[in-house]
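Enquirer: Supplied in structure tokens, the structure appears directly below.
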4 protein chains.
Amino acid sequence: MWLNGARGSVATTAVSGLLALREGLVPPTGCASELLDADLPPWEAFVVGGHDVVDTPLVKRVESLVRDGVLPHDLAGWVADGLDAVDAEIRPGHDPAAFSGSQAGVARRLAADIDDFRTRHGLARVVVVNVASTEPPVHVPHESLAELEEALAVPGNAVLPPSSLVAYAAFQAGCPFVDFTPSTGVALPALDELARERSLPYAGRDGKTGETLLRAAIAPMFTSRALKVLSWTGTNLLGGGDGATLEDPAHAGSKLASKARGLAALLGAEVTAPLHIDHVPDLGERKTAWDHVSFEGFLGARMSLQLTWSGLDSSLAAPLVLDLARLLAAAHAAGRTGAQGALAFFFKDPLGSDEHRLAEQARELHEWARGLDDPRARETD
Amino acid sequence: MWLNGARGSVATTAVSGLLALREGLVPPTGCASELLDADLPPWEAFVVGGHDVVDTPLVKRVESLVRDGVLPHDLAGWVADGLDAVDAEIRPGHDPAAFSGSQAGVARRLAADIDDFRTRHGLARVVVVNVASTEPPVHVPHESLAELEEALAVPGNAVLPPSSLVAYAAFQAGCPFVDFTPSTGVALPALDELARERSLPYAGRDGKTGETLLRAAIAPMFTSRALKVLSWTGTNLLGGGDGATLEDPAHAGSKLASKARGLAALLGAEVTAPLHIDHVPDLGERKTAWDHVSFEGFLGARMSLQLTWSGLDSSLAAPLVLDLARLLAAAHAAGRTGAQGALAFFFKDPLGSDEHRLAEQARELHEWARGLDDPRARETD
Amino acid sequence: MWLNGARGSVATTAVSGLLALREGLVPPTGCASELLDADLPPWEAFVVGGHDVVDTPLVKRVESLVRDGVLPHDLAGWVADGLDAVDAEIRPGHDPAAFSGSQAGVARRLAADIDDFRTRHGLARVVVVNVASTEPPVHVPHESLAELEEALAVPGNAVLPPSSLVAYAAFQAGCPFVDFTPSTGVALPALDELARERSLPYAGRDGKTGETLLRAAIAPMFTSRALKVLSWTGTNLLGGGDGATLEDPAHAGSKLASKARGLAALLGAEVTAPLHIDHVPDLGERKTAWDHVSFEGFLGARMSLQLTWSGLDSSLAAPLVLDLARLLAAAHAAGRTGAQGALAFFFKDPLGSDEHRLAEQARELHEWARGLDDPRARETD
Amino acid sequence: MWLNGARGSVATTAVSGLLALREGLVPPTGCASELLDADLPPWEAFVVGGHDVVDTPLVKRVESLVRDGVLPHDLAGWVADGLDAVDAEIRPGHDPAAFSGSQAGVARRLAADIDDFRTRHGLARVVVVNVASTEPPVHVPHESLAELEEALAVPGNAVLPPSSLVAYAAFQAGCPFVDFTPSTGVALPALDELARERSLPYAGRDGKTGETLLRAAIAPMFTSRALKVLSWTGTNLLGGGDGATLEDPAHAGSKLASKARGLAALLGAEVTAPLHIDHVPDLGERKTAWDHVSFEGFLGARMSLQLTWSGLDSSLAAPLVLDLARLLAAAHAAGRTGAQGALAFFFKDPLGSDEHRLAEQARELHEWARGLDDPRARETD
């Protein structure tokens with residue numbers, strides 16, 4: 001597993017948890033892959049490296065995660081050695097502000113880092129997972145891979161946002177890719193073309209960890225009962241780095257758009273759905289969301305539902321990161337290529353799928369996992 | 001459609017709505033049967049009668065339902081004539097306090113009322129729906145139909161609670177039966193035997209209209225994500241007649257037990273789940289439920305979800321009553337017999353089914369409805 | 001009582017209620033003035049007129065207020081005649097878009113309307129209350145009355161926003177003035193100068209009817225217990241005309257600023273306090289606010305409080321409008337002049353007071369009311 | 001300060017905090033006494049001892065309080081030595097199950113422990129604070145001190161519940177007494193007689209730390225606005241030892257009764273007010289309360305308020321324990337005797353006061369504190 005953004009909260013939680021799982025110190029609570037009827041790589045099989053633009057040691061980040069209730073107090077001691085080993089495998093990430101030469105050159109350097117990691121550890125495959133900060137939405141005009149590569153070769157030309165450059169480098173290094181953020185990442189026709197050309201599977205995007213998870217579970221209740229949702233408003237209070245990033249409306253744009261698409265798809269109609277993300281630093285890793293749903297029933301009766309979700313962001317995201325690394329590794333081994341829509345269960349804005357209902361997504365995931373061992377299932381991709 | 005408890009809030013709302021639907025005055029919001037791919041009897045085909053122990057005219061009940069926001073102000077005028085016609089078809093119900101002779105005799109009288117209604121209106125079939133007040137749980141020792149009928153014939157012997165006597169009478173009159181309440185009703189081996197002997201379908205029990213509906217939608221979210229629910233507490237504030245009945249712990253027992261069974265089944269484990277029903281008269285038909293779910297995620301992280309549901313009880317129940325009347329009529333026409341477990345979607349404590357997850361129940365319902373026209377599907381009952 | 005915005009929801013509710021109170025048909029629930037130990041004018045003494053730029057009849061507005069649950073169904077019949085009489089006393093308001101001549105001329109016309117009303121009905125005094133739609137914040141540079149009046153006389157010169165022009169006209173007509181909205185209104189040094197010159201009392205601004213009322217009650221709990229509030233976030237869902245107006249950030253600016261000032265004053269410190277107003281049309285007159293308060297206790301312990309307020313905006317505002325009309329009439333009779341800070345109890349952004357704690361405001365109000373009969377108390381204004 | 005129940009969560013938190021405050025390691029957040037304009041004993045002046053029936057060392061209890069978020073992780077190290085010193089001053093408490101001789105004898109032993117502590121440390125005075133587990137309500141028939149003492153002298157006669165026996169012993173040892181629990185404690189005429197005879201002040205009972213604190217702040221909002229509360233329901237979810245104790249309806253009786261009295265006093269009328277306490281072990285020290293208030297406004301409009309309080313019980317209680325120890329010490333020094341009603345601010349069921357409104361209680365507390373230095377104020381007790 002290669003993490004882009006390897007020193008962030010989600011990555012640090014995922015790595016700490018992986019180390020603890022490997023030692024059998026904790027149960028795999030929150031890991032949905034444990035429930036699947038499939039032959040997935042065991043936790044012991046994973047080695048972790050990554051890219052990051054900052055150089056805070058992981059043990060430092062662990063301290064603040066302990067303070068915020070994400071990691072248990074005694075974990076820090078157990079996993080300190082393992083974290084140092086991962087630390088030694090983290091290479092400098094691509095910093096768009098301090099970039100020289102062409103983006104093609106940057107991609108070659110990133111791919112070489114991954115390739116070197118694979119070779120040194122003698123790994124069958126490396127799954128690259130993007131868990132870096134959310135970027136503002138961008139438009140990339142290059143539709144075909146050929147056009148894109150031509151543009152990438154031009155020195156000084158910032159063609160791709162960092163998340164997409166990482167996806168490009170991952171594919172060039174022959175690696176499956178997971179986009180866990182709402183950034184552009186792999187969601188470009190030219191990158192889909194590259195993945196198919198190299199016979200690589202990928203999945204994305206925007207891990208579904210809180211309010212949207214709830215909406216995906218609850219909205220089908222209204223539609224299956226023929227109840228008419230009139231409005232569905234949401235307020236998200238976020239501390240931590242994510243809150244600070246998303247306070248900037250440009251960065252929040254990606255996330256808000258992906259949430260709104262999901263809700264409209266779930267309800268089959270546009271509803272009044274104002275949504276806010278507020279940065280509330282004192283909350284730390286705690287993420288509190290309040291949703292108010294106003295709906296109409298029989299003979300026009302007016303009713304409502306309120307939800308208050310109080311989650312720990314990294315605690316919810318980290319096991320999904322591990323699940324996805326396992327699942328993409330298994331998909332790669334089984335020869336799956338392109339967007340794995342059957343992994344929509346994990347994402348707010350699923351690539352390769354129109355299904356937003358959580359229970360249906362869970363059913364598709366289970367079927368997909370069962371099919372991994374079946375060579376005939378490959379054709380259905 | 002024959003309603004036991006025909007002058008209650010749910011019955012009055014269902015009848016008022018049916019009249020309005022028949023005239024095309026309102027859309028069928030809240031009627032899940034409208035979403036099914038099946039050939040169901042149209043609203044125009046229904047004639048309504050029923051039993052009740054009270055004699056308040058339906059138009060009187062409509063007034064209080066308008067005041068409580070269940071029925072729109074202008075509906076009362078539209079449906080007054082139709083309500084008077086239904087009023088004329090309501091016969092005195094069985095009053096256990098003022099009962100003479102044997103229960104077998106009572107059942108014959110009730111069955112004769114239904115039979116007379118069917119004959120006078122030239123109906124193909126009559127679906128009997130129990131929407132009377134919740135009874136305390138009882139134990140009925142007579143396992144076989146023969147034993148039961150022997151006991152029923154003894155004068156002065158109160159063998160069956162009223163809800164079960166009504167089910168017995170319905171089957172004797174050759175009618176499908178729906179138990180919309182948590183009372184004992186049809187859930188007795190001897191009555192199942194009778195239904196099968198007469199080739200009659202039935203469904204129950206305890207319409208799923210509020211807190212349990214939500215739980216059935218949300219609990220699978222936790223299990224499919226491998227999140228561990230530690231406690232799930234509930235507080236229900238009820239006004240109206242239902243609140244007054246359920247304030248009595250003996251009556252509430254049936255309902256609390258049916259809710260607890262559902263939650264344990266959904267989560268696959270026992271959790272701390274205190275549950276209260278409080279009678280708060282000022283709320284009228286409004287039913288407010290607060291649920292607090294405490295759960296554990298990755299590495300033992302503690303998180304929570306709160307839900308506040310503000311529903312109008314009769315507005316939620318009435319369309320399901322109409323749905324079930326249509327579906328049982330179609331099941332009868334298609335020759336289905338015994339407990340229709342595929343209708344678990346509608347019930348807190350589904351007879352003939354172990355499935356409590358709402359999305360799976362919806363899927364089973366849709367399949368069942370599609371199979372109604374298919375003679376081969378009959379075998380699977 | 002002369003209402004600026006006499007055909008709006010608040011005005012219509014206040015007038016309907018006044019008519020019902022006058023006939024003794026309803027108790028004075030929500031009228032805080034009833035609790036005061038003072039000799040206030042009785043409901044029977046009030047005659048109502050007003051200005052408005054729209055001409056929807058009041059009876060029409062009553063219909064939609066009945067539908068929204070603000071007015072009881074049977075009230076419409078009782079007060080129809082009284083509403084027609086008030087309708088006949090409503091004159092065209094000042095429309096800034098269709099204005100010719102000078103603002104001084106407009107003010108003379110408005111003052112003449114009020115004067116005519118007073119004369120025709122032989123009234124001792126007329127209290128003018130502004131309940132028109134919220135305006136965006138403006139800057140008025142004219143500090144002194146002389147400067148202001150010079151500017152007002154210039155033809156075509158839009159010196160004052162409508163709310164302030166109405167206050168100017170009220171004072172010119174010798175009337176006490178209440179600003180029930182967050183608009184600029186009377187809050188200008190030049191208008192204070194005019195009020196004092198004419199020996200007129202006034203009060204404002206922005207009626208405290210929902211979220212801010214709660215905050216004024218609860219924030220002192222934290223401060224008196226030495227608990228440290230870290231953040232206090234708010235989301236307001238508004239339907240109705242007010243919601244539509246406040247969806248426009250320019251108009252919302254006044255309201256958000258007045259709420260933020262209040263919170264900082266209550267807590268004695270700046271806290272993270274993001275606040276949103278969302279327009280959710282299906283809610284009608286219902287206004288739902290969710291507040292999340294995060295606070296720190298002993299040894300840094302983190303705790304929280306959530307509030308969900310579900311109010312009917314006009315139901316909360318209307319009795320305060322009647323209270324303020326009574327209180328300003330009494331203040332005028334008692335010879336009080338200038339900003340009546342002791343009426344801070346009624347306002348989000350009290351003029352003439354720094355007190356935001358509700359209980360202290362209530363105490364000051366009671367003292368002020370007791371002092372109305374006492375000639376010596378006049379000196380303390 | 002002498003704590004009855006010195007090894008419980010509240011006591012351990014109070015002692016840990018006192019040690020940290022004494023070293024200036026933490027600010028006095030949550031200590032209301034810091035806001036008073038009075039000459040109170042400084043934190044450095046306090047020495048702590050106590051009684052308890054269990055013998056878990058304080059450092060052990062600290063561990064679980066750290067885990068529950070009550071105490072910061074690094075505090076345990078800072079205060080370990082101080083805790084050991086307090087540990088050495090804790091004597092075996094009175095165990096009603098293993099009691100021989102007369103209660104008079106037990107009281108002499110308890111008083112001797114306190115007296116010995118005072119002598120050894122050369123203290124001016126010792127304030128005894130009861131923070132032991134809540135007892136079921138009991139009836140003590142002995143109205144006068146003489147009758148009571150006669151009964152106490154009879155061997156084997158369990159006249160007083162433990163909390164009252166502790167109060168009796170405290171007074172016999174010449175110590176002011178604080179009852180921080182809803183147990184009977186000092187609230188007996190014979191004990192009041194004893195306190196007055198010995199010129200000792202006392203205060204109680206049942207520390208106001210959560211739901212009731214909120215109610216005391218919010219209920220006056222409704223009454224001062226003439227809004228009519230129709231129902232006020234409450235659900236309390238408690239983990240920890242307090243939850244286990246209060247799950248037993250006999251023990252909960254004291255607490256529920258004290259809460260109900262407070263609400264009726266605040267609203268000036270009986271309202272529908274069902275209240276539940278549920279034991280939810282996974283919550284640990286976290287106490288979550290949900291209140292639903294239904295109220296009527298102008299013209300019968302129906303509105304509601306919901307509150308969700310998420311507090312850490314010991315974090316809220318501990319600073320009040322320290323405040324009360326300081327205040328009773330100062331009251332003793334100032335010669336105050338009997339029930340100190342002006343401390344109602346701290347209690348759910350205030351002895352010597354009928355005031356339940358929080359803001360009024362705060363005002364009375366401030367006045368009382370200012371009067372401590374004033375010899376003439378003594379007369380007003």
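Residues are referred to by chain and number: the chain letter is A, B, ... according to the order shown in the structure tokens, the number counts from 1 in that chain, and ligands are numbered separately from 1 in the order shown.
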As a list in words, please: the residues near segment 98-110 of chain D (cut-off 7 Å, only C-alpha atoms, same-chain neighbours under 2 positions excluded).
Expert: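 Once the nearby chain positions are removed, what remains is Asp95, Pro96, Ala112, Asp113, Ile114, Leu152, Ala153, Val154, Pro155, Gly156, Asn157, Ala158, Leu165 and Ala169 of chain D.
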Enquirer: Go ahead and dump the residues you just picked, N, CA and C atoms, as a CSV table (one decimal), in the first residue's frame.
Expert:
```csv
chain,number,residue,atom,x,y,z
D,95,ASP,N,-20.5,1.4,57.2
D,95,ASP,CA,-21.1,0.4,56.3
D,95,ASP,C,-22.3,-0.1,57.0
D,96,PRO,N,-23.5,0.3,56.6
D,96,PRO,CA,-24.8,-0.1,57.3
D,96,PRO,C,-25.0,-1.6,57.4
D,112,ALA,N,-14.7,11.4,65.5
D,112,ALA,CA,-13.3,11.3,66.0
D,112,ALA,C,-12.3,11.3,64.9
D,113,ASP,N,-12.6,10.6,63.8
D,113,ASP,CA,-11.7,10.6,62.6
D,113,ASP,C,-11.5,12.1,62.1
D,114,ILE,N,-12.6,12.8,62.0
D,114,ILE,CA,-12.5,14.2,61.5
D,114,ILE,C,-11.7,15.1,62.5
D,152,LEU,N,-30.8,7.1,68.7
D,152,LEU,CA,-29.5,6.7,68.2
D,152,LEU,C,-28.7,5.9,69.2
D,153,ALA,N,-29.1,6.1,70.5
D,153,ALA,CA,-28.3,5.4,71.5
D,153,ALA,C,-28.7,3.9,71.7
D,154,VAL,N,-29.8,3.5,71.1
D,154,VAL,CA,-30.3,2.2,71.2
D,154,VAL,C,-29.4,1.2,70.4
D,155,PRO,N,-28.7,0.2,71.0
D,155,PRO,CA,-27.9,-0.6,70.2
D,155,PRO,C,-28.7,-1.4,69.1
D,156,GLY,N,-28.1,-1.5,67.9
D,156,GLY,CA,-28.7,-2.2,66.8
D,156,GLY,C,-29.8,-1.5,66.1
D,157,ASN,N,-30.1,-0.3,66.5
D,157,ASN,CA,-31.2,0.5,66.0
D,157,ASN,C,-30.7,1.4,64.8
D,158,ALA,N,-31.1,1.0,63.5
D,158,ALA,CA,-30.7,1.8,62.4
D,158,ALA,C,-31.6,2.9,62.1
D,165,LEU,N,-26.4,10.1,59.1
D,165,LEU,CA,-25.5,9.8,60.2
D,165,LEU,C,-24.2,10.6,60.0
D,169,ALA,N,-22.6,13.3,62.5
D,169,ALA,CA,-21.3,13.2,63.0
D,169,ALA,C,-20.5,14.5,62.7
```
Enquirer: Would you mind listing, as a list of chain:residue names, all residues of chain B that have at least one atom within 9 Å of chain C, where only C-alpha atoms are what counts?
Expert: B:Arg67, B:Gly69, B:Pro72, B:His73
Enquirer: Please produce an output containing N, CA, C and O atoms for each residue in the selection, written as a PDB file, in the first residue's frame.
Expert:
```pdb
ATOM      1  N   ARG B  67     -57.803  18.972  13.178  1.00  0.00           N
ATOM      2  CA  ARG B  67     -57.169  19.832  14.177  1.00  0.00           C
ATOM      3  C   ARG B  67     -55.724  19.390  14.436  1.00  0.00           C
ATOM      4  O   ARG B  67     -54.836  20.191  14.648  1.00  0.00           O
ATOM      5  N   GLY B  69     -53.724  18.067  12.299  1.00  0.00           N
ATOM      6  CA  GLY B  69     -52.844  18.169  11.129  1.00  0.00           C
ATOM      7  C   GLY B  69     -52.762  16.894  10.305  1.00  0.00           C
ATOM      8  O   GLY B  69     -51.968  16.796   9.384  1.00  0.00           O
ATOM      9  N   PRO B  72     -56.288  17.415   5.818  1.00  0.00           N
ATOM     10  CA  PRO B  72     -56.336  18.823   5.404  1.00  0.00           C
ATOM     11  C   PRO B  72     -57.714  19.424   5.674  1.00  0.00           C
ATOM     12  O   PRO B  72     -58.720  18.713   5.668  1.00  0.00           O
ATOM     13  N   HIS B  73     -57.736  20.753   5.900  1.00  0.00           N
ATOM     14  CA  HIS B  73     -58.983  21.422   6.323  1.00  0.00           C
ATOM     15  C   HIS B  73     -60.119  21.210   5.354  1.00  0.00           C
ATOM     16  O   HIS B  73     -61.263  21.085   5.737  1.00  0.00           O
TER      17      HIS B  73
END
```
Enquirer: Give me the residues within 9 Å of segment 12-18 of chain C as an mmCIF file with C-alpha atoms, in the first residue's frame, counting only C-alpha atoms and dropping any in the same chain fewer than 3 places off.
Expert:
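Result file is part15.cif:
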```cif
data_model
loop_
_atom_site.group_PDB
_atom_site.id
_atom_site.type_symbol
_atom_site.label_atom_id
_atom_site.label_comp_id
_atom_site.auth_asym_id
_atom_site.auth_seq_id
_atom_site.Cartn_x
_atom_site.Cartn_y
_atom_site.Cartn_z
ATOM 1 C CA ALA C 6 -49.501 46.396 8.021
ATOM 2 C CA ARG C 7 -50.315 43.617 5.581
ATOM 3 C CA GLY C 8 -47.429 41.308 6.502
ATOM 4 C CA SER C 9 -47.649 38.089 8.528
ATOM 5 C CA LEU C 21 -58.253 39.612 22.855
ATOM 6 C CA ARG C 22 -60.600 42.601 22.741
ATOM 7 C CA GLU C 23 -63.559 40.234 22.603
ATOM 8 C CA VAL C 26 -58.485 34.010 23.742
ATOM 9 C CA PRO C 28 -53.139 36.671 26.322
ATOM 10 C CA TRP C 43 -56.599 45.966 24.596
ATOM 11 C CA GLU C 44 -59.978 47.639 24.090
ATOM 12 C CA PHE C 46 -56.428 50.216 20.627
ATOM 13 C CA VAL C 48 -55.179 50.032 14.285
ATOM 14 C CA LEU C 58 -55.849 41.031 5.530
ATOM 15 C CA VAL C 59 -58.481 38.264 5.289
ATOM 16 C CA ARG C 61 -53.308 36.729 4.542
ATOM 17 C CA VAL C 62 -55.282 35.173 7.411
ATOM 18 C CA LEU C 65 -51.643 31.868 8.441
ATOM 19 C CA VAL C 70 -50.308 30.364 13.265
ATOM 20 C CA LEU C 71 -54.001 31.171 13.555
ATOM 21 C CA LEU C 75 -60.570 32.562 14.310
ATOM 22 C CA ALA C 76 -61.022 33.677 10.709
ATOM 23 C CA VAL C 79 -62.405 38.506 13.275
ATOM 24 C CA ALA C 80 -63.457 39.029 9.643
ATOM 25 C CA GLY C 82 -62.636 43.678 12.503
ATOM 26 C CA LEU C 83 -60.046 42.932 9.801
ATOM 27 C CA VAL C 86 -58.426 47.733 9.808
ATOM 28 C CA SER C 314 -45.416 35.339 13.577
ATOM 29 C CA SER C 315 -46.863 33.652 16.665
ATOM 30 C CA ALA C 317 -43.474 38.149 17.187
ATOM 31 C CA ALA C 318 -47.093 39.308 17.235
ATOM 32 C CA PRO C 319 -47.657 39.418 21.018
ATOM 33 C CA LEU C 320 -44.410 41.380 21.415
ATOM 34 C CA VAL C 321 -45.676 43.940 18.909
ATOM 35 C CA LEU C 322 -48.806 44.385 21.021
ATOM 36 C CA PHE D 298 -50.116 33.425 21.026
ATOM 37 C CA LEU D 299 -53.537 32.262 19.852
#
```
Enquirer: List the spatial neighbours of Val280 of chain D as a compact mmCIF listing (two decimals) with N, CA and C atoms, in the first residue's frame - criterion: any atom at most 9 Å away, only C-alpha atoms, same-chain residues fewer than 5 positions off excluded.
Expert:
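Written out: out.txt:
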```
# COMPACT_ATOMS: atom_id res chain seq x y z
N LEU B 230 -23.12 -0.23 20.54
CA LEU B 230 -22.98 -0.54 21.97
C LEU B 230 -24.30 -0.38 22.71
N SER B 231 -25.05 0.63 22.33
CA SER B 231 -26.37 0.83 22.96
C SER B 231 -27.25 1.60 21.98
N THR B 233 -30.86 3.49 22.57
CA THR B 233 -31.95 3.81 23.49
C THR B 233 -33.05 4.57 22.75
N THR B 272 -27.52 -2.91 24.86
CA THR B 272 -28.27 -2.16 25.87
C THR B 272 -29.30 -1.33 25.11
N ALA B 273 -30.58 -1.58 25.37
CA ALA B 273 -31.58 -0.89 24.55
C ALA B 273 -32.82 -0.51 25.35
N PRO B 274 -32.66 0.35 26.37
CA PRO B 274 -33.85 0.78 27.11
C PRO B 274 -34.78 1.55 26.18
N LEU D 237 -29.46 9.41 30.00
CA LEU D 237 -28.65 8.22 29.79
C LEU D 237 -27.38 8.37 30.61
N LEU D 238 -27.18 7.43 31.55
CA LEU D 238 -26.02 7.50 32.44
C LEU D 238 -25.24 6.21 32.41
N GLY D 239 -23.96 6.32 32.27
CA GLY D 239 -23.10 5.16 32.48
C GLY D 239 -22.59 5.22 33.91
N GLY D 240 -21.45 4.63 34.15
CA GLY D 240 -20.76 4.79 35.43
C GLY D 240 -21.54 4.26 36.61
N GLY D 243 -25.11 5.65 37.19
CA GLY D 243 -26.13 5.03 36.35
C GLY D 243 -26.60 3.72 36.93
N ALA D 244 -25.66 2.89 37.40
CA ALA D 244 -26.01 1.58 37.96
C ALA D 244 -26.88 1.76 39.19
```
Enquirer: Using only C-alpha atoms, which protein or nucleic acid residues come within 10 Å of Val126 of chain A? Drop anything in the same chain fewer than 2 positions from it, and give the result as number ranges by chain.
Expert: A: 1-2, 46-49, 114-115, 117-118, 123-124, 128-129, 170, 173-177, 325, 328-329, 332
Enquirer: Return as a ChimeraX atom specification the full set of residues in segment 44-226 of chain B whose backbone-based DSSP assignment is helix (DSSP H, G or I).
Expert: /B:44-45,58-67,75-87,96-98,103-121,145-152,162-172,189-197,211-224
Enquirer: With C-alpha atoms retained, could you export that selection as a CSV table (one decimal), in the first residue's frame?
Expert:
```csv
chain,number,residue,atom,x,y,z
B,44,GLU,CA,-62.2,2.5,-7.1
B,45,ALA,CA,-62.8,-1.2,-6.5
B,58,LEU,CA,-66.7,9.1,11.5
B,59,VAL,CA,-67.3,12.8,10.6
B,60,LYS,CA,-66.8,13.6,14.3
B,61,ARG,CA,-63.4,11.9,14.4
B,62,VAL,CA,-62.5,13.7,11.2
B,63,GLU,CA,-62.8,17.0,13.0
B,64,SER,CA,-60.1,16.1,15.6
B,65,LEU,CA,-57.9,14.7,12.9
B,66,VAL,CA,-58.1,18.0,11.0
B,67,ARG,CA,-57.2,19.8,14.2
B,75,LEU,CA,-61.0,17.4,3.0
B,76,ALA,CA,-63.8,17.2,5.5
B,77,GLY,CA,-66.3,18.8,3.1
B,78,TRP,CA,-65.2,16.5,0.1
B,79,VAL,CA,-65.7,13.3,1.9
B,80,ALA,CA,-68.6,13.9,4.2
B,81,ASP,CA,-71.1,11.9,2.1
B,82,GLY,CA,-68.7,9.0,1.6
B,83,LEU,CA,-68.0,8.8,5.3
B,84,ASP,CA,-71.8,8.6,6.1
B,85,ALA,CA,-72.0,5.7,3.7
B,86,VAL,CA,-69.2,3.9,5.5
B,87,ASP,CA,-70.8,4.7,8.8
B,96,PRO,CA,-65.3,-8.8,25.9
B,97,ALA,CA,-66.8,-7.1,29.0
B,98,ALA,CA,-70.4,-7.6,27.8
B,103,GLN,CA,-67.0,-17.2,21.8
B,104,ALA,CA,-67.9,-19.6,18.9
B,105,GLY,CA,-71.3,-17.9,18.8
B,106,VAL,CA,-69.6,-14.4,18.8
B,107,ALA,CA,-67.4,-15.5,16.0
B,108,ARG,CA,-70.4,-16.7,14.0
B,109,ARG,CA,-72.1,-13.3,14.5
B,110,LEU,CA,-69.0,-11.4,13.4
B,111,ALA,CA,-68.5,-13.7,10.4
B,112,ALA,CA,-72.2,-13.2,9.4
B,113,ASP,CA,-71.8,-9.4,9.5
B,114,ILE,CA,-68.9,-9.7,7.0
B,115,ASP,CA,-70.7,-12.2,4.9
B,116,ASP,CA,-73.7,-10.0,4.7
B,117,PHE,CA,-71.5,-7.1,3.6
B,118,ARG,CA,-69.9,-9.1,0.9
B,119,THR,CA,-73.3,-10.4,-0.4
B,120,ARG,CA,-75.0,-7.1,-0.4
B,121,HIS,CA,-72.2,-5.4,-2.3
B,145,LEU,CA,-57.5,-26.0,15.6
B,146,ALA,CA,-59.5,-28.9,17.0
B,147,GLU,CA,-58.6,-28.1,20.6
B,148,LEU,CA,-59.2,-24.4,20.0
B,149,GLU,CA,-62.7,-25.0,18.5
B,150,GLU,CA,-63.6,-27.3,21.3
B,151,ALA,CA,-62.7,-24.6,23.9
B,152,LEU,CA,-64.5,-21.9,21.9
B,162,PRO,CA,-60.7,-10.0,20.8
B,163,SER,CA,-58.0,-9.6,18.1
B,164,SER,CA,-57.7,-13.4,17.7
B,165,LEU,CA,-61.4,-13.9,17.8
B,166,VAL,CA,-61.7,-11.4,14.9
B,167,ALA,CA,-59.0,-13.3,13.0
B,168,TYR,CA,-60.9,-16.6,13.6
B,169,ALA,CA,-64.2,-15.0,12.4
B,170,ALA,CA,-62.5,-13.6,9.3
B,171,PHE,CA,-61.1,-17.0,8.3
B,172,GLN,CA,-64.5,-18.6,9.0
B,189,PRO,CA,-50.7,-22.1,15.5
B,190,ALA,CA,-54.4,-23.0,15.5
B,191,LEU,CA,-55.3,-19.9,13.4
B,192,ASP,CA,-52.5,-20.6,10.9
B,193,GLU,CA,-53.9,-24.1,10.6
B,194,LEU,CA,-57.4,-22.6,9.9
B,195,ALA,CA,-56.0,-20.2,7.3
B,196,ARG,CA,-54.2,-23.0,5.4
B,197,GLU,CA,-57.3,-25.3,5.6
B,211,GLU,CA,-39.1,4.6,15.2
B,212,THR,CA,-38.9,1.0,14.0
B,213,LEU,CA,-39.1,2.0,10.4
B,214,LEU,CA,-36.1,4.2,11.0
B,215,ARG,CA,-34.2,1.5,12.8
B,216,ALA,CA,-34.8,-1.0,10.0
B,217,ALA,CA,-33.3,1.5,7.6
B,218,ILE,CA,-30.3,2.5,9.8
B,219,ALA,CA,-29.2,-0.6,11.7
B,220,PRO,CA,-28.0,-2.3,8.5
B,221,MET,CA,-25.7,0.7,7.9
B,222,PHE,CA,-23.8,-0.2,11.1
B,223,THR,CA,-23.7,-3.9,10.4
B,224,SER,CA,-22.6,-3.6,6.8
```
